[in-house]
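Have a look at upload_38.pdb; it's PDB, C-alpha atoms:
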```
ATOM      1  CA  MET A   1     -47.167  -2.338 -17.340
ATOM      2  CA  SER A   2     -48.659  -2.949 -13.898
ATOM      3  CA  GLU A   3     -48.062  -0.682 -10.923
ATOM      4  CA  HIS A   4     -45.914  -3.389  -9.325
ATOM      5  CA  GLU A   5     -43.721  -3.694 -12.415
ATOM      6  CA  LEU A   6     -43.423   0.093 -12.638
ATOM      7  CA  LEU A   7     -42.331   0.241  -9.003
ATOM      8  CA  ARG A   8     -39.706  -2.443  -9.587
ATOM      9  CA  LEU A   9     -38.352  -0.368 -12.469
ATOM     10  CA  MET A  10     -38.443   2.950 -10.645
ATOM     11  CA  ILE A  11     -36.592   1.831  -7.493
ATOM     12  CA  PRO A  12     -33.196   1.268  -9.197
ATOM     13  CA  VAL A  13     -33.676   4.370 -11.382
ATOM     14  CA  LEU A  14     -34.441   6.581  -8.383
ATOM     15  CA  GLY A  15     -31.628   4.870  -6.505
ATOM     16  CA  GLY A  16     -29.215   5.771  -9.285
ATOM     17  CA  LEU A  17     -30.271   9.428  -9.241
ATOM     18  CA  LEU A  18     -29.990   9.516  -5.463
ATOM     19  CA  GLY A  19     -26.550   7.938  -5.737
ATOM     20  CA  LEU A  20     -25.341  10.651  -8.104
ATOM     21  CA  ALA A  21     -26.327  13.320  -5.584
ATOM     22  CA  ILE A  22     -24.815  11.384  -2.672
ATOM     23  CA  GLY A  23     -21.634  10.861  -4.712
ATOM     24  CA  SER A  24     -21.200  14.621  -4.988
ATOM     25  CA  PHE A  25     -21.335  14.863  -1.183
ATOM     26  CA  LEU A  26     -18.971  11.899  -0.812
ATOM     27  CA  ASN A  27     -16.327  13.831  -2.738
ATOM     28  CA  VAL A  28     -16.472  16.454   0.008
ATOM     29  CA  VAL A  29     -16.301  13.781   2.720
ATOM     30  CA  ILE A  30     -13.342  12.000   1.108
ATOM     31  CA  HIS A  31     -11.381  15.244   0.833
ATOM     32  CA  ARG A  32     -12.235  16.924   4.142
ATOM     33  CA  VAL A  33     -12.652  14.195   6.773
ATOM     34  CA  PRO A  34      -8.981  13.073   6.718
ATOM     35  CA  LEU A  35      -7.993  16.728   7.163
ATOM     36  CA  GLY A  36     -10.333  17.170  10.124
ATOM     37  CA  LEU A  37     -12.424  19.758   8.265
ATOM     38  CA  SER A  38     -16.172  20.296   8.381
ATOM     39  CA  VAL A  39     -18.149  18.631   5.601
ATOM     40  CA  VAL A  40     -20.872  21.281   5.905
ATOM     41  CA  SER A  41     -19.004  24.552   5.583
ATOM     42  CA  PRO A  42     -17.580  26.261   3.705
ATOM     43  CA  ALA A  43     -19.485  25.477   0.523
ATOM     44  CA  SER A  44     -17.779  23.602  -2.309
ATOM     45  CA  HIS A  45     -14.957  25.658  -3.761
ATOM     46  CA  CYS A  46     -11.906  25.361  -5.972
ATOM     47  CA  PRO A  47      -8.929  24.199  -3.870
ATOM     48  CA  ALA A  48      -6.576  26.209  -6.095
ATOM     49  CA  CYS A  49      -8.167  29.668  -6.136
ATOM     50  CA  GLY A  50     -10.882  29.347  -3.483
ATOM     51  CA  ALA A  51     -13.708  30.443  -5.799
ATOM     52  CA  ALA A  52     -17.094  28.999  -4.873
ATOM     53  CA  VAL A  53     -18.479  26.385  -7.228
ATOM     54  CA  ARG A  54     -21.542  27.758  -8.994
ATOM     55  CA  PRO A  55     -24.778  25.763  -8.642
ATOM     56  CA  ARG A  56     -24.910  24.971 -12.370
ATOM     57  CA  HIS A  57     -21.408  23.497 -12.144
ATOM     58  CA  ASN A  58     -22.296  21.413  -9.100
ATOM     59  CA  VAL A  59     -24.522  19.014 -11.035
ATOM     60  CA  PRO A  60     -23.045  15.514 -10.615
ATOM     61  CA  VAL A  61     -20.898  14.367 -13.568
ATOM     62  CA  LEU A  62     -22.434  16.921 -15.966
ATOM     63  CA  GLY A  63     -20.870  19.846 -14.105
ATOM     64  CA  TRP A  64     -17.383  18.423 -14.582
ATOM     65  CA  LEU A  65     -18.089  17.756 -18.267
ATOM     66  CA  LEU A  66     -19.403  21.283 -18.824
ATOM     67  CA  LEU A  67     -16.271  22.696 -17.229
ATOM     68  CA  ARG A  68     -14.134  20.295 -19.292
ATOM     69  CA  GLY A  69     -12.363  19.269 -16.137
ATOM     70  CA  ARG A  70     -11.147  22.745 -15.209
ATOM     71  CA  CYS A  71     -12.096  25.440 -12.701
ATOM     72  CA  PHE A  72     -14.376  28.077 -14.241
ATOM     73  CA  ASP A  73     -12.422  30.909 -12.581
ATOM     74  CA  CYS A  74      -8.737  29.962 -12.564
ATOM     75  CA  HIS A  75      -8.819  27.092 -15.087
ATOM     76  CA  SER A  76      -6.881  24.782 -12.781
ATOM     77  CA  PRO A  77      -7.495  21.093 -13.610
ATOM     78  CA  ILE A  78     -10.164  19.268 -11.611
ATOM     79  CA  SER A  79      -9.399  15.615 -10.945
ATOM     80  CA  ALA A  80     -11.415  13.103 -12.949
ATOM     81  CA  ARG A  81     -11.953  11.241  -9.676
ATOM     82  CA  TYR A  82     -14.771  13.644  -8.795
ATOM     83  CA  PRO A  83     -17.141  12.580 -11.600
ATOM     84  CA  LEU A  84     -15.974   8.966 -11.264
ATOM     85  CA  VAL A  85     -16.977   8.910  -7.599
ATOM     86  CA  GLU A  86     -20.350  10.408  -8.500
ATOM     87  CA  ALA A  87     -20.922   7.949 -11.351
ATOM     88  CA  CYS A  88     -19.799   4.933  -9.323
ATOM     89  CA  THR A  89     -22.044   5.924  -6.428
ATOM     90  CA  GLY A  90     -24.967   6.257  -8.826
ATOM     91  CA  ILE A  91     -24.279   2.798 -10.253
ATOM     92  CA  ALA A  92     -23.840   1.326  -6.767
ATOM     93  CA  PHE A  93     -27.156   2.763  -5.563
ATOM     94  CA  ALA A  94     -28.922   1.479  -8.689
ATOM     95  CA  LEU A  95     -27.504  -2.014  -8.083
ATOM     96  CA  VAL A  96     -28.647  -1.884  -4.469
ATOM     97  CA  GLY A  97     -32.099  -0.903  -5.733
ATOM     98  CA  LEU A  98     -32.136  -3.951  -7.997
ATOM     99  CA  ARG A  99     -30.854  -6.249  -5.260
ATOM    100  CA  PHE A 100     -33.409  -5.149  -2.676
ATOM    101  CA  VAL A 101     -36.331  -4.330  -4.945
ATOM    102  CA  ASP A 102     -38.360  -7.003  -3.143
ATOM    103  CA  SER A 103     -37.162  -5.841   0.296
ATOM    104  CA  PRO A 104     -37.677  -2.061   0.109
ATOM    105  CA  LEU A 105     -37.449  -1.591   3.883
ATOM    106  CA  ALA A 106     -33.806  -2.682   3.682
ATOM    107  CA  LEU A 107     -32.912  -0.081   1.054
ATOM    108  CA  PRO A 108     -32.001   2.803   3.431
ATOM    109  CA  ALA A 109     -29.549   0.596   5.346
ATOM    110  CA  TYR A 110     -27.802  -0.762   2.275
ATOM    111  CA  TRP A 111     -27.737   2.601   0.499
ATOM    112  CA  TRP A 112     -26.077   4.038   3.596
ATOM    113  CA  PHE A 113     -23.619   1.148   3.666
ATOM    114  CA  ALA A 114     -22.852   1.644  -0.033
ATOM    115  CA  GLY A 115     -22.056   5.336   0.416
ATOM    116  CA  LEU A 116     -20.022   4.636   3.540
ATOM    117  CA  GLY A 117     -18.071   1.902   1.765
ATOM    118  CA  ILE A 118     -17.139   4.087  -1.202
ATOM    119  CA  ALA A 119     -15.958   6.917   1.041
ATOM    120  CA  LEU A 120     -13.992   4.659   3.388
ATOM    121  CA  ALA A 121     -12.355   2.735   0.550
ATOM    122  CA  LEU A 122     -11.008   5.896  -1.071
ATOM    123  CA  ILE A 123      -9.948   7.474   2.218
ATOM    124  CA  ASP A 124      -8.077   4.285   3.127
ATOM    125  CA  LEU A 125      -6.320   4.336  -0.236
ATOM    126  CA  ASP A 126      -5.419   8.006   0.226
ATOM    127  CA  VAL A 127      -4.260   8.140   3.841
ATOM    128  CA  ARG A 128      -4.038   4.475   4.951
ATOM    129  CA  ARG A 129      -6.608   4.762   7.711
ATOM    130  CA  LEU A 130     -10.317   4.339   8.366
ATOM    131  CA  PRO A 131     -11.483   7.365  10.400
ATOM    132  CA  ASN A 132     -13.320   6.568  13.649
ATOM    133  CA  VAL A 133     -15.571   9.555  12.985
ATOM    134  CA  MET A 134     -17.062   7.575  10.082
ATOM    135  CA  VAL A 135     -16.775   3.938  11.178
ATOM    136  CA  LEU A 136     -18.035   4.169  14.764
ATOM    137  CA  PRO A 137     -21.255   6.131  14.047
ATOM    138  CA  ALA A 138     -22.105   3.500  11.424
ATOM    139  CA  TYR A 139     -22.913   1.041  14.225
ATOM    140  CA  PRO A 140     -25.875   2.936  15.731
ATOM    141  CA  VAL A 141     -27.023   4.364  12.390
ATOM    142  CA  LEU A 142     -27.152   0.975  10.672
ATOM    143  CA  ALA A 143     -28.679  -0.624  13.773
ATOM    144  CA  VAL A 144     -31.584   1.829  13.532
ATOM    145  CA  LEU A 145     -31.939   1.401   9.767
ATOM    146  CA  LEU A 146     -31.933  -2.399  10.051
ATOM    147  CA  ALA A 147     -34.454  -2.183  12.888
ATOM    148  CA  ILE A 148     -37.072  -0.727  10.529
ATOM    149  CA  THR A 149     -36.891  -3.840   8.351
ATOM    150  CA  ALA A 150     -39.079  -5.649  10.905
ATOM    151  CA  ALA A 151     -37.145  -8.894  10.402
ATOM    152  CA  PRO A 152     -36.227 -10.112  13.909
ATOM    153  CA  ASP A 153     -34.406 -13.260  12.756
ATOM    154  CA  ALA A 154     -32.253 -11.276  10.325
ATOM    155  CA  GLN A 155     -31.637  -8.572  12.938
ATOM    156  CA  LEU A 156     -30.426 -11.129  15.484
ATOM    157  CA  ARG A 157     -28.208 -12.711  12.822
ATOM    158  CA  ALA A 158     -26.783  -9.267  12.004
ATOM    159  CA  LEU A 159     -25.937  -8.691  15.675
ATOM    160  CA  VAL A 160     -24.212 -12.056  16.011
ATOM    161  CA  GLY A 161     -22.435 -11.553  12.672
ATOM    162  CA  ALA A 162     -21.116  -8.156  13.755
ATOM    163  CA  VAL A 163     -19.705  -9.560  16.984
ATOM    164  CA  ALA A 164     -18.293 -12.674  15.298
ATOM    165  CA  LEU A 165     -16.432 -10.851  12.530
ATOM    166  CA  PHE A 166     -15.201  -8.147  14.905
ATOM    167  CA  VAL A 167     -13.783 -10.774  17.275
ATOM    168  CA  ALA A 168     -12.245 -12.762  14.404
ATOM    169  CA  PHE A 169     -10.445  -9.707  13.010
ATOM    170  CA  LEU A 170      -9.401  -8.606  16.498
ATOM    171  CA  ALA A 171      -7.857 -12.033  17.083
ATOM    172  CA  ILE A 172      -5.880 -11.729  13.838
ATOM    173  CA  ALA A 173      -4.712  -8.210  14.699
ATOM    174  CA  VAL A 174      -3.532  -9.316  18.147
ATOM    175  CA  ALA A 175      -1.980 -12.611  17.029
ATOM    176  CA  ALA A 176      -0.172 -11.086  14.041
ATOM    177  CA  PRO A 177       0.736  -7.456  14.815
ATOM    178  CA  GLY A 178       0.919  -5.405  11.650
ATOM    179  CA  ALA A 179      -1.207  -7.826   9.639
ATOM    180  CA  MET A 180      -4.106  -5.384   9.782
ATOM    181  CA  GLY A 181      -4.986  -2.155  11.517
ATOM    182  CA  PHE A 182      -7.576  -1.674  14.228
ATOM    183  CA  GLY A 183      -9.563   0.418  11.766
ATOM    184  CA  ASP A 184     -10.059  -2.808   9.810
ATOM    185  CA  VAL A 185     -11.200  -4.515  13.006
ATOM    186  CA  LYS A 186     -13.834  -1.841  13.644
ATOM    187  CA  LEU A 187     -14.987  -1.965  10.029
ATOM    188  CA  ALA A 188     -15.263  -5.766  10.283
ATOM    189  CA  GLY A 189     -18.120  -5.417  12.767
ATOM    190  CA  VAL A 190     -20.080  -3.239  10.341
ATOM    191  CA  ILE A 191     -19.443  -5.641   7.466
ATOM    192  CA  GLY A 192     -20.369  -8.605   9.652
ATOM    193  CA  ALA A 193     -23.742  -7.054  10.434
ATOM    194  CA  MET A 194     -24.590  -6.046   6.859
ATOM    195  CA  THR A 195     -23.635  -9.394   5.344
ATOM    196  CA  ALA A 196     -25.104 -11.581   8.088
ATOM    197  CA  TRP A 197     -28.443  -9.742   7.883
ATOM    198  CA  LEU A 198     -28.883 -11.513   4.559
ATOM    199  CA  SER A 199     -27.512 -14.942   5.529
ATOM    200  CA  TRP A 200     -24.615 -16.766   7.162
ATOM    201  CA  GLY A 201     -23.410 -17.758   3.701
ATOM    202  CA  THR A 202     -23.197 -14.105   2.693
ATOM    203  CA  LEU A 203     -21.115 -13.374   5.791
ATOM    204  CA  LEU A 204     -18.704 -16.232   5.070
ATOM    205  CA  VAL A 205     -18.298 -15.388   1.385
ATOM    206  CA  GLY A 206     -17.908 -11.665   2.059
ATOM    207  CA  ALA A 207     -15.143 -12.238   4.612
ATOM    208  CA  PHE A 208     -13.387 -14.821   2.443
ATOM    209  CA  LEU A 209     -13.479 -12.647  -0.680
ATOM    210  CA  GLY A 210     -12.002  -9.712   1.228
ATOM    211  CA  PHE A 211      -8.914 -11.780   2.048
ATOM    212  CA  LEU A 212      -8.831 -13.316  -1.429
ATOM    213  CA  PHE A 213      -8.987  -9.981  -3.256
ATOM    214  CA  GLY A 214      -6.365  -8.519  -0.930
ATOM    215  CA  ALA A 215      -4.024 -11.460  -1.493
ATOM    216  CA  LEU A 216      -4.458 -11.368  -5.279
ATOM    217  CA  VAL A 217      -3.725  -7.648  -5.519
ATOM    218  CA  GLY A 218      -0.745  -8.068  -3.195
ATOM    219  CA  VAL A 219       0.706 -10.797  -5.414
ATOM    220  CA  ILE A 220       0.140  -8.679  -8.530
ATOM    221  CA  LEU A 221       1.865  -5.654  -6.955
ATOM    222  CA  ILE A 222       4.837  -7.769  -5.869
ATOM    223  CA  ALA A 223       5.092  -9.386  -9.316
ATOM    224  CA  ALA A 224       4.997  -5.939 -10.927
ATOM    225  CA  ARG A 225       7.632  -4.745  -8.430
ATOM    226  CA  ARG A 226       5.289  -2.043  -7.211
ATOM    227  CA  ALA A 227       5.443  -3.401  -3.655
ATOM    228  CA  GLY A 228       7.529  -5.683  -1.443
ATOM    229  CA  ARG A 229       6.535  -8.405   0.989
ATOM    230  CA  ARG A 230       6.565  -5.906   3.848
ATOM    231  CA  THR A 231       4.805  -3.098   2.008
ATOM    232  CA  ALA A 232       1.661  -1.959   3.829
ATOM    233  CA  VAL A 233      -1.374  -2.242   1.566
ATOM    234  CA  PRO A 234      -4.695  -0.814   2.800
ATOM    235  CA  PHE A 235      -7.055  -3.716   3.503
ATOM    236  CA  GLY A 236     -10.276  -1.733   3.958
ATOM    237  CA  PRO A 237     -11.087  -1.464   0.228
ATOM    238  CA  PHE A 238     -10.790  -5.245  -0.215
ATOM    239  CA  MET A 239     -13.025  -5.882   2.790
ATOM    240  CA  ILE A 240     -15.649  -3.574   1.305
ATOM    241  CA  ILE A 241     -15.421  -5.019  -2.217
ATOM    242  CA  GLY A 242     -15.605  -8.551  -0.835
ATOM    243  CA  ALA A 243     -18.665  -7.695   1.236
ATOM    244  CA  TRP A 244     -20.495  -6.103  -1.682
ATOM    245  CA  THR A 245     -19.624  -8.955  -4.030
ATOM    246  CA  ALA A 246     -21.296 -11.275  -1.531
ATOM    247  CA  ILE A 247     -24.284  -8.976  -0.932
ATOM    248  CA  LEU A 248     -24.992  -8.540  -4.640
ATOM    249  CA  GLY A 249     -25.147 -12.262  -5.338
ATOM    250  CA  ALA A 250     -22.021 -14.244  -4.523
ATOM    251  CA  GLY A 251     -23.360 -14.959  -1.034
ATOM    252  CA  LEU A 252     -25.667 -17.546  -2.582
ATOM    253  CA  LEU A 253     -22.609 -19.758  -3.069
ATOM    254  CA  GLY A 254     -21.998 -19.621   0.664
ATOM    255  CA  ASP A 255     -25.608 -20.552   1.375
ATOM    256  CA  GLN A 256     -25.355 -23.559  -0.929
ATOM    257  CA  TYR A 257     -22.106 -24.624   0.726
ATOM    258  CA  LEU A 258     -23.661 -24.447   4.189
ATOM    259  CA  MET A 259     -26.619 -26.505   2.974
ATOM    260  CA  LEU A 260     -24.231 -29.213   1.723
ATOM    261  CA  VAL A 261     -22.340 -29.207   5.010
ATOM    262  CA  ARG A 262     -25.569 -29.701   6.942
ATOM    263  CA  LEU A 263     -26.418 -32.685   4.761
TER     264      LEU A 263
END
```
Would you mind writing the file's structure down as structure tokens?
Amino acid sequence: MSEHELLRLMIPVLGGLLGLAIGSFLNVVIHRVPLGLSVVSPASHCPACGAAVRPRHNVPVLGWLLLRGRCFDCHSPISARYPLVEACTGIAFALVGLRFVDSPLALPAYWWFAGLGIALALIDLDVRRLPNVMVLPAYPVLAVLLAITAAPDAQLRALVGAVALFVAFLAIAVAAPGAMGFGDVKLAGVIGAMTAWLSWGTLLVGAFLGFLFGALVGVILIAARRAGRRTAVPFGPFMIIGAWTAILGAGLLGDQYLMLVRL
């Protein structure tokens, strides 16, 4: 195996391991940010008895398995969502590693976006909002991370994509009050940048799939009588899933469509 082939193999593996560690931190973010608590202190502890989590029990996924899903001190149950978040973040980071194995300078930006997306999706599901403290800093952070890619055409496209999708979502929010929240509008700018950096087709497919996934789930919930026509359903998770579906490959369909239109 050549050094190049070994590097192509190691990037997704290292990405997966990094994702597991980041997923452990995301659990803290998802729990504390909506409550306005610090994500730095105090250290991880059992919400039932307050006992600090021991380092050996803080290992992503394995710690929960060793504890058999219960606190070591008071034996209160620990939600299975904790290891699921860690595992899903590990898988997401590995997939990003595979997707950008030939564009390693883009990895920090898309790993950041992956972690941000997982945290925001779950927070939106929990409390029906996308915290400004997470969405707004993403603009400068991702701008810096995309700047190191040294791809001026893609960077300009990302800027235009961010503005375009932000304005489009703002127009919808103003024209149809209640159709979406302004948190979705702010998130749209981030998604516009991260999808457009790849291509215009990725931007179009990512935005379209967000609406499609949201509509499909809404219809399913109504059919199952779990929601009504006026029930508020968080849209952020569908925006994020749509964007990542496009980033990980579906955006190629948009590129092919745009090529046909130009012909």
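Between CA of Asn58 in chain A and CA of Leu98 in chain A the separation is 27.2 Å.
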Near-range 242-251 of chain A list (7 Å; all atoms listed in the file; drop same-chain fewer than 4 positions) as a list in words
Arg99, Ile191, Thr195, Gly201, Thr202, Val205, Gly206, Ala207, Leu209, Gly210, Phe238 and Asp255 of chain A
One-decimal distance in Å that lies between CA of Ala94 in chain A and CA of Ser38 in chain A:
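Value for the CA of Ser38 in chain A-CA of Ala94 in chain A distance: 28.4 Å.
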CA of Ile22 in chain A to CA of Cys88 in chain A: how many Å, to one decimal?
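Between CA of Ile22 in chain A and CA of Cys88 in chain A the gap is 10.5 Å.
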Name every residue that the PyMOL selection byres ((chain A and resi 63) around 12) selects in this structure, writing the answer as JSON, numbers by chain with chains first and numbers rising.
{"A": [20, 24, 53, 54, 55, 56, 57, 58, 59, 60, 61, 62, 64, 65, 66, 67, 68, 69, 70, 71, 72, 78, 80, 82, 83, 86]}
Evaluated on this file, the PyMOL selection byres ((chain A and resi 147-149) around 10) picks out some residues - which ones are they, written as a PyMOL selection string?
chain A and resi 103-109+141-146+150-152+154-155
Would you mind listing what lies within 8 Å of range 110-114 of chain A as a list of chain:residue names, with only C-alpha atoms counted and same-chain residues fewer than 5 positions away left out?
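In the requested form, the answer reads A:Thr89, A:Ala92, A:Phe93, A:Val96, A:Leu142, A:Met194.
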Up to 12 Å from (-24.5, -13.0, 16.9) in the file's coordinates: name the residues, counting only C-alpha atoms, as a PyMOL selection string.
chain A and resi 153-167+189+192-193+196-197+199-200+203
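The residues returned by the PyMOL selection byres ((chain A and resi 120) around 8) on the shown structure are Ile30, Leu116, Gly117, Ile118, Ala119, Ala121, Leu122, Ile123, Asp124, Leu130, Pro131, Met134, Gly236 and Pro237 of chain A.
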Selection above as a file: C-alpha atoms, as a tab-separated table (two decimals), in the coordinates of the input:
```tsv
chain	number	residue	atom	x	y	z
A	30	ILE	CA	-13.34	12.00	1.11
A	116	LEU	CA	-20.02	4.64	3.54
A	117	GLY	CA	-18.07	1.90	1.76
A	118	ILE	CA	-17.14	4.09	-1.20
A	119	ALA	CA	-15.96	6.92	1.04
A	121	ALA	CA	-12.36	2.74	0.55
A	122	LEU	CA	-11.01	5.90	-1.07
A	123	ILE	CA	-9.95	7.47	2.22
A	124	ASP	CA	-8.08	4.28	3.13
A	130	LEU	CA	-10.32	4.34	8.37
A	131	PRO	CA	-11.48	7.36	10.40
A	134	MET	CA	-17.06	7.58	10.08
A	236	GLY	CA	-10.28	-1.73	3.96
A	237	PRO	CA	-11.09	-1.46	0.23
```
Using the file's own x, y and z axes, so that the box edges lie along x, y and z, what centre and edge lengths in Å (one decimal) does a box around every listed atom of range 146-165 of chain A get when 3 Å is added on each side? Give it as lines of an AutoDock Vina configuration file.
```
center_x = -27.8
center_y = -7.0
center_z = 12.7
size_x = 28.6
size_y = 18.5
size_z = 14.6
```
Restricting the calculation to only C-alpha atoms, which member of A:Ala215, A:Ala51, A:Ala188, A:Ile91 is positioned closest to Gly16 in chain A?
A:Ile91
A:Val13, A:Val233, A:Leu26, A:Leu18: which is nearest Gly181 in chain A, counting only C-alpha atoms?
A:Val233
Please provide the set of residues having any atom within 10 Å of Val40 in chain A, restricted to all atoms listed in the file, with same-chain residues fewer than 4 positions apart removed, written as a PyMOL selection string.
chain A and resi 25+28-29+32+44
Return the single residue from A:Leu170, A:Ile11, A:Leu258, A:Leu198 that is closest to Val101 in chain A, with distances computed using only C-alpha atoms.
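That would be A:Ile11, the residue with the smallest distance to Val101 in chain A.
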Quick one: of A:Leu9, A:Ala87, A:Val190, A:Ala173, who's nearest to Pro140 in chain A, counting only C-alpha atoms?
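Smallest distance to Pro140 in chain A is found for A:Val190.
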Quick one: of A:Leu125, A:Arg8, A:His75, A:Ala52, who's nearest to Phe100 in chain A, counting all atoms listed in the file?
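Ranked by minimum distance to Phe100 in chain A, first place goes to A:Arg8.
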So that I can see what lies close to Val135 in chain A, please list as a PyMOL selection string the residues with an atom at most 7 Å from it, counting all atoms listed in the file and leaving out residues fewer than 3 positions away in the same chain.
chain A and resi 131-132+138+186-187
Quick one: residues within 9 Å of range 178-180 of chain A, all atoms listed in the file, excluding same-chain residues fewer than 3 positions away - as a PyMOL selection string?
chain A and resi 169+172-175+183-185+232+234-235
My structure is short of atoms at range 232-248 of chain A; please model N, CA, C and O atoms there, returning them as a short mmCIF file (atom, residue, chain, number, x, y, z; two decimals), keeping the file's coordinate frame.
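Saved as result10.cif:
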```
data_model
loop_
_atom_site.label_atom_id
_atom_site.label_comp_id
_atom_site.auth_asym_id
_atom_site.auth_seq_id
_atom_site.Cartn_x
_atom_site.Cartn_y
_atom_site.Cartn_z
N ALA A 232 3.01 -2.05 3.26
CA ALA A 232 1.66 -1.96 3.83
C ALA A 232 0.67 -1.61 2.72
O ALA A 232 0.82 -0.61 2.03
N VAL A 233 -0.32 -2.47 2.55
CA VAL A 233 -1.37 -2.24 1.57
C VAL A 233 -2.69 -2.08 2.32
O VAL A 233 -3.02 -2.92 3.16
N PRO A 234 -3.44 -1.00 2.07
CA PRO A 234 -4.70 -0.81 2.80
C PRO A 234 -5.66 -1.97 2.54
O PRO A 234 -5.89 -2.35 1.38
N PHE A 235 -6.20 -2.54 3.62
CA PHE A 235 -7.06 -3.72 3.50
C PHE A 235 -8.54 -3.36 3.44
O PHE A 235 -9.36 -4.14 2.96
N GLY A 236 -8.88 -2.14 3.93
CA GLY A 236 -10.28 -1.73 3.96
C GLY A 236 -11.00 -1.85 2.62
O GLY A 236 -12.11 -2.40 2.55
N PRO A 237 -10.40 -1.36 1.51
CA PRO A 237 -11.09 -1.46 0.23
C PRO A 237 -11.42 -2.90 -0.17
O PRO A 237 -12.49 -3.16 -0.73
N PHE A 238 -10.53 -3.85 0.14
CA PHE A 238 -10.79 -5.24 -0.22
C PHE A 238 -11.90 -5.84 0.65
O PHE A 238 -12.70 -6.64 0.17
N MET A 239 -11.94 -5.45 1.92
CA MET A 239 -13.02 -5.88 2.79
C MET A 239 -14.38 -5.41 2.24
O MET A 239 -15.35 -6.17 2.21
N ILE A 240 -14.40 -4.16 1.80
CA ILE A 240 -15.65 -3.57 1.30
C ILE A 240 -16.06 -4.21 -0.02
O ILE A 240 -17.24 -4.56 -0.22
N ILE A 241 -15.11 -4.39 -0.92
CA ILE A 241 -15.42 -5.02 -2.22
C ILE A 241 -15.87 -6.46 -2.02
O ILE A 241 -16.83 -6.93 -2.65
N GLY A 242 -15.20 -7.18 -1.12
CA GLY A 242 -15.60 -8.55 -0.84
C GLY A 242 -17.01 -8.62 -0.28
O GLY A 242 -17.82 -9.47 -0.69
N ALA A 243 -17.33 -7.72 0.64
CA ALA A 243 -18.66 -7.70 1.24
C ALA A 243 -19.73 -7.43 0.19
O ALA A 243 -20.77 -8.11 0.14
N TRP A 244 -19.48 -6.45 -0.68
CA TRP A 244 -20.50 -6.10 -1.68
C TRP A 244 -20.62 -7.16 -2.77
O TRP A 244 -21.70 -7.37 -3.32
N THR A 245 -19.53 -7.84 -3.08
CA THR A 245 -19.62 -8.96 -4.03
C THR A 245 -20.54 -10.03 -3.47
O THR A 245 -21.37 -10.61 -4.20
N ALA A 246 -20.43 -10.28 -2.18
CA ALA A 246 -21.30 -11.28 -1.53
C ALA A 246 -22.74 -10.79 -1.46
O ALA A 246 -23.68 -11.54 -1.77
N ILE A 247 -22.93 -9.52 -1.08
CA ILE A 247 -24.28 -8.98 -0.93
C ILE A 247 -25.03 -8.98 -2.26
O ILE A 247 -26.23 -9.29 -2.32
N LEU A 248 -24.34 -8.66 -3.34
CA LEU A 248 -24.99 -8.54 -4.64
C LEU A 248 -25.21 -9.88 -5.35
O LEU A 248 -25.73 -9.90 -6.46
#
```
